[in-house]
$ cat structure.txt   # compact mmCIF, C-alpha atoms
# COMPACT_ATOMS: atom_id res chain seq x y z
CA MET G 956 160.11 4.85 118.65
CA SER G 957 161.13 8.50 119.06
CA ALA G 958 159.86 11.38 116.92
CA ASP G 959 163.27 11.65 115.27
CA ASP G 960 163.16 7.93 114.46
CA ASP G 961 159.74 8.46 112.87
CA THR G 962 161.10 11.17 110.56
CA ARG G 963 164.13 9.12 109.49
CA ARG G 964 162.03 6.02 108.82
CA LEU G 965 159.55 7.90 106.66
CA GLN G 966 162.14 9.99 104.81
CA ALA G 967 164.08 6.88 103.85
CA ALA G 968 160.95 5.46 102.27
CA ASN G 969 159.77 8.68 100.59
CA PRO G 970 162.50 11.36 100.22
CA THR G 971 160.24 14.33 99.37
CA GLY G 972 156.77 13.12 100.34
CA TRP G 973 157.64 12.06 103.84
CA PHE G 974 156.18 15.24 105.34
CA GLU G 975 152.65 14.15 104.39
CA ASP G 976 153.40 10.60 105.56
CA LEU G 977 154.52 11.92 108.96
CA TYR G 978 151.59 14.29 109.44
CA ALA G 979 149.15 11.57 108.38
CA GLU G 980 150.63 9.14 110.89
CA ALA G 981 150.58 11.85 113.58
CA ASP G 982 146.93 12.51 112.77
CA ALA G 983 146.26 8.79 113.24
CA GLY G 984 148.17 8.79 116.52
CA THR G 985 150.93 6.44 115.35
CA ALA G 986 153.82 8.94 115.08
CA SER G 987 155.01 12.22 116.57
CA VAL G 988 156.03 15.43 114.80
CA PRO G 989 159.25 16.59 116.52
CA TRP G 990 158.79 20.27 115.65
CA ASP G 991 155.25 20.50 117.06
CA GLN G 992 155.98 22.99 119.83
CA PRO G 993 153.53 25.20 121.75
CA HIS G 994 155.43 28.42 121.02
CA PRO G 995 157.03 30.19 118.04
CA GLN G 996 160.69 29.57 117.26
CA PRO G 997 162.68 31.55 119.87
CA HIS G 998 165.14 32.94 117.29
CA LEU G 999 162.21 34.27 115.27
CA VAL G 1000 160.78 35.95 118.38
CA GLU G 1001 164.18 37.49 119.14
CA TRP G 1002 164.62 38.74 115.56
CA ALA G 1003 161.11 40.24 115.51
CA SER G 1004 161.50 42.27 118.69
CA GLY G 1005 160.06 45.72 117.97
CA VAL G 1006 158.88 44.78 114.46
CA ASP G 1007 155.53 46.15 113.29
CA GLY G 1008 154.12 44.16 110.39
CA THR G 1009 151.15 46.43 109.71
CA GLY G 1010 150.60 46.81 105.97
CA ARG G 1011 153.22 44.20 105.10
CA ARG G 1012 152.85 40.72 103.63
CA ALA G 1013 154.69 37.74 105.13
CA LEU G 1014 155.14 34.17 103.91
CA VAL G 1015 156.02 31.21 106.13
CA VAL G 1016 157.71 28.32 104.32
CA GLY G 1017 156.76 24.84 105.52
CA CYS G 1018 154.40 26.18 108.17
CA GLY G 1019 153.54 22.87 109.82
CA TYR G 1020 151.18 23.46 112.74
CA GLY G 1021 151.37 27.25 112.50
CA ARG G 1022 153.29 28.43 115.55
CA ASP G 1023 155.44 30.92 113.58
CA SER G 1024 152.60 31.99 111.30
CA GLU G 1025 150.29 32.93 114.16
CA PHE G 1026 153.12 34.84 115.84
CA LEU G 1027 153.75 36.93 112.72
CA ALA G 1028 150.03 37.61 112.38
CA SER G 1029 150.04 38.89 115.97
CA LEU G 1030 152.62 41.49 114.86
CA GLY G 1031 150.25 42.82 112.23
CA PHE G 1032 151.56 41.03 109.14
CA GLU G 1033 149.16 39.76 106.50
CA VAL G 1034 150.41 36.18 106.58
CA THR G 1035 150.30 33.43 103.99
CA ALA G 1036 151.65 30.12 105.23
CA PHE G 1037 152.08 26.96 103.22
CA ASP G 1038 153.01 23.34 103.63
CA ILE G 1039 153.33 20.49 101.14
CA SER G 1040 151.26 18.30 103.46
CA PRO G 1041 147.46 18.54 103.06
CA THR G 1042 147.08 16.82 106.42
CA ALA G 1043 149.21 19.49 108.12
CA ILE G 1044 147.16 22.29 106.55
CA ALA G 1045 143.89 20.65 107.61
CA ALA G 1046 145.25 20.24 111.13
CA VAL G 1047 146.44 23.83 111.47
CA ARG G 1048 143.14 25.19 110.17
CA ALA G 1049 141.36 23.10 112.80
CA ARG G 1050 143.80 24.25 115.48
CA TYR G 1051 143.22 27.94 114.68
CA PRO G 1052 139.67 28.09 113.31
CA ASP G 1053 139.47 31.90 113.67
CA SER G 1054 142.97 32.61 112.36
CA LYS G 1055 143.68 35.56 110.07
CA VAL G 1056 146.48 33.54 108.42
CA SER G 1057 145.87 32.14 104.94
CA TYR G 1058 146.97 28.50 105.20
CA VAL G 1059 147.46 26.80 101.83
CA VAL G 1060 148.89 23.60 100.39
CA ALA G 1061 151.88 24.30 98.13
CA ASP G 1062 155.24 22.81 97.16
CA LEU G 1063 158.35 24.92 97.79
CA LEU G 1064 160.02 23.46 94.70
CA THR G 1065 157.11 24.53 92.44
CA PRO G 1066 155.42 27.50 94.14
CA PRO G 1067 152.56 29.47 92.58
CA ALA G 1068 153.75 31.92 89.91
CA GLU G 1069 151.93 34.81 91.58
CA TRP G 1070 154.15 34.44 94.64
CA HIS G 1071 157.25 35.65 92.77
CA HIS G 1072 158.83 38.44 94.88
CA ALA G 1073 155.37 38.95 96.39
CA PHE G 1074 156.21 39.05 100.10
CA ASP G 1075 157.82 41.76 102.21
CA LEU G 1076 159.06 39.09 104.62
CA VAL G 1077 159.75 35.40 103.98
CA VAL G 1078 160.53 33.15 106.95
CA GLU G 1079 162.36 29.91 106.16
CA ASN G 1080 162.56 28.03 109.44
CA MET G 1081 164.34 24.68 109.04
CA THR G 1082 162.49 23.53 105.93
CA VAL G 1083 165.43 23.43 103.50
CA GLN G 1084 167.43 21.38 106.01
CA ALA G 1085 164.59 18.84 106.15
CA LEU G 1086 165.08 18.08 102.44
CA PRO G 1087 167.80 15.78 101.10
CA VAL G 1088 171.07 17.62 100.45
CA ASP G 1089 170.76 17.21 96.68
CA LEU G 1090 167.62 19.37 96.84
CA HIS G 1091 169.09 22.16 98.98
CA ALA G 1092 170.28 24.32 96.08
CA GLN G 1093 166.93 24.19 94.27
CA ALA G 1094 164.99 24.87 97.48
CA THR G 1095 167.29 27.79 98.34
CA GLU G 1096 166.72 29.36 94.94
CA ARG G 1097 162.95 29.00 95.34
CA VAL G 1098 163.02 30.68 98.77
CA ALA G 1099 164.92 33.64 97.29
CA TRP G 1100 162.49 33.73 94.34
CA LEU G 1101 159.62 34.23 96.79
CA THR G 1102 161.27 37.12 98.67
CA GLY G 1103 160.27 40.63 97.77
CA SER G 1104 162.23 42.48 100.45
CA THR G 1105 163.50 40.57 103.50
CA LEU G 1106 164.32 36.91 104.05
CA LEU G 1107 164.93 35.36 107.46
CA VAL G 1108 166.59 31.93 107.46
CA LEU G 1109 166.67 29.87 110.65
CA ALA G 1110 168.54 26.57 110.54
CA VAL G 1111 170.73 24.15 112.43
CA ALA G 1112 174.40 24.63 111.56
CA ARG G 1113 177.15 22.23 110.60
CA GLU G 1114 180.64 22.50 109.16
CA GLU G 1115 181.56 21.80 105.55
CA GLY G 1116 182.40 18.16 104.99
CA PRO G 1117 180.79 14.75 104.71
CA VAL G 1118 177.00 14.69 104.53
CA PRO G 1119 175.51 13.41 107.80
CA ASP G 1120 172.68 10.92 108.11
CA GLY G 1121 169.38 12.74 108.18
CA PRO G 1122 166.90 14.16 108.29
CA PRO G 1123 167.66 16.83 109.12
CA TRP G 1124 170.68 17.85 107.06
CA PRO G 1125 171.92 21.01 108.81
CA LEU G 1126 173.18 23.85 106.63
CA THR G 1127 176.86 24.57 106.08
CA PRO G 1128 178.31 28.11 105.85
CA SER G 1129 178.33 27.86 102.05
CA GLU G 1130 174.71 26.70 102.02
CA ILE G 1131 173.66 29.66 104.17
CA MET G 1132 175.49 32.10 101.90
CA ALA G 1133 173.83 30.48 98.86
CA PHE G 1134 170.71 32.45 99.82
CA GLU G 1135 172.59 35.42 98.36
CA THR G 1136 170.98 34.85 94.99
CA ASP G 1137 168.32 36.49 92.82
CA GLY G 1138 169.39 39.93 94.05
CA LEU G 1139 169.44 39.16 97.78
CA GLN G 1140 172.37 40.28 99.93
CA ALA G 1141 173.26 39.23 103.47
CA ARG G 1142 172.46 41.89 106.06
CA LYS G 1143 173.32 39.87 109.15
CA VAL G 1144 174.44 36.27 109.50
CA ARG G 1145 174.92 34.92 113.00
CA ARG G 1146 175.91 31.48 114.18
CA ASP G 1147 174.84 30.92 117.77
CA GLU G 1148 176.40 27.64 118.89
CA PHE G 1149 174.61 25.14 116.63
CA ARG G 1150 172.10 27.42 114.88
CA TRP G 1151 172.01 30.00 112.10
CA THR G 1152 170.01 33.23 112.20
CA ALA G 1153 170.53 34.84 108.81
CA GLU G 1154 168.82 37.91 107.36
CA PHE G 1155 168.97 38.77 103.66
CA VAL G 1156 167.55 41.83 101.94
CA ARG G 1157 166.79 42.91 98.41

$ encode --input "structure.txt" --output "structure tokens"
Amino acid sequence: MSADDDTRRLQAANPTGWFEDLYAEADAGTASVPWDQPHPQPHLVEWASGVDGTGRRALVVGCGYGRDSEFLASLGFEVTAFDISPTAIAAVRARYPDSKVSYVVADLLTPPAEWHHAFDLVVENMTVQALPVDLHAQATERVAWLTGSTLLVLAVAREEGPVPDGPPWPLTPSEIMAFETDGLQARKVRRDEFRWTAEFVR
């Protein structure tokens, strides 16, 4: 069974808790996590060219195994990174035992109150699209709620129309522009073939 088949099987059985199910199975060696890559997301690296994070706080949404979080820390950001999966957080702490990143278990849909507008940079890399479409609006609002200054959204793109089988459920143009909420405004929205790179600022 492929990694994508693993995600679809588990999501069908547990629409919001399937992340923990997948990481637990991966930890046991019975499934694969398709986004476990040895490098940070290339669009994040491109966006961050020349960025100095010294003295700034960053938050990584749905951090998984930490590739993006460690990259941002290397730029000088004080990074908090969270995932809903306790198994994922335990695994990333073991993977980077000397990391400066604060890895915590949290739920995007009910984040800690003290995180409200608390971060200079929020990176949302394909987490909203991993949730069922009926949760996209709520998740989008929560991401904006976390953002103090700049939000970077990275996602797979699709056209408006019928909802595809997932996960993932790529984001439509209207779903990308829905991040313009809670005082955020689009600075730059780019669609590069099948992917969005969208920056919003407060």

$ closest_atom_pairs --input "structure.txt" --of "region 994-1088 of chain G" --to "region 1116-1129 of chain G" --cutoff "7 Å" --atoms "only C-alpha atoms" --output "tab-separated table"
residue	atom	partner	partner_atom	distance
G:Gln1084	CA	G:Trp1124	CA	4.9
G:Ala1085	CA	G:Pro1123	CA	4.7
G:Pro1087	CA	G:Trp1124	CA	6.9
G:Val1088	CA	G:Trp1124	CA	6.6

$ write_last_selection --input "structure.txt" --atoms "C-alpha atoms" --output "PDB file, keeping the file's coordinate frame"
ATOM      1  CA  GLN G1084     167.430  21.380 106.010  1.00  0.00           C
ATOM      2  CA  ALA G1085     164.590  18.840 106.150  1.00  0.00           C
ATOM      3  CA  PRO G1087     167.800  15.780 101.100  1.00  0.00           C
ATOM      4  CA  VAL G1088     171.070  17.620 100.450  1.00  0.00           C
TER       5      VAL G1088
END

$ closest_atom_pairs --input "structure.txt" --of "region 1009-1038 of chain G" --to "region 974-978 of chain G" --cutoff "10 Å" --atoms "only C-alpha atoms" --output "Markdown table"
| residue | atom | partner | partner_atom | distance |
| --- | --- | --- | --- | --- |
| G:Gly1017 | CA | G:Phe974 | CA | 9.6 |
| G:Gly1019 | CA | G:Tyr978 | CA | 8.8 |
| G:Tyr1020 | CA | G:Tyr978 | CA | 9.8 |
| G:Asp1038 | CA | G:Phe974 | CA | 8.9 |

$ closest_residue --input "structure.txt" --among "G:Val1059, G:Arg1145, G:Thr1042, G:Val1108" --to "Ala981 (chain G)" --atoms "only C-alpha atoms"
G:Thr1042

$ atom_distance --input "structure.txt" --atom1 "CA of Thr1009 (chain G)" --atom2 "CA of Phe1032 (chain G)"
5.4 Å

$ atom_distance --input "structure.txt" --atom1 "CA of Arg1022 (chain G)" --atom2 "CA of Glu1001 (chain G)"
14.6 Å

$ closest_residue --input "structure.txt" --among "G:Met1081, G:Leu1030, G:Val1056, G:Val1047" --to "Val1016 (chain G)" --atoms "all atoms listed in the file"
G:Met1081

$ closest_residue --input "structure.txt" --among "G:Phe1026, G:Trp1002, G:Trp1070, G:Tyr1058" --to "Thr1152 (chain G)" --atoms "only C-alpha atoms"
G:Trp1002

$ residues_around --input "structure.txt" --residues "Arg1048 (chain G)" --least-positions-apart "4" --cutoff "9 Å" --atoms "only C-alpha atoms" --output "list in words"
Tyr1020, Gly1021, Ala1043, Ile1044, Pro1052, Asp1053, Ser1054 and Tyr1058 of chain G

$ closest_residue --input "structure.txt" --among "G:Pro1067, G:Asp991, G:Ala1112, G:Asp1075" --to "Arg1097 (chain G)" --atoms "only C-alpha atoms"
G:Pro1067

$ residues_near_point --input "structure.txt" --point "(169.2, 30.3, 95.2)" --cutoff "6 Å" --atoms "all atoms listed in the file" --output "mmCIF file with C-alpha atoms, in the coordinates of the input"
data_model
loop_
_atom_site.group_PDB
_atom_site.id
_atom_site.type_symbol
_atom_site.label_atom_id
_atom_site.label_comp_id
_atom_site.auth_asym_id
_atom_site.auth_seq_id
_atom_site.Cartn_x
_atom_site.Cartn_y
_atom_site.Cartn_z
ATOM 1 C CA THR G 1095 167.290 27.790 98.340
ATOM 2 C CA GLU G 1096 166.720 29.360 94.940
ATOM 3 C CA ALA G 1099 164.920 33.640 97.290
ATOM 4 C CA ALA G 1133 173.830 30.480 98.860
ATOM 5 C CA PHE G 1134 170.710 32.450 99.820
ATOM 6 C CA THR G 1136 170.980 34.850 94.990
#

$ atom_distance --input "structure.txt" --atom1 "CA of His1071 (chain G)" --atom2 "CA of Leu1101 (chain G)"
4.9 Å
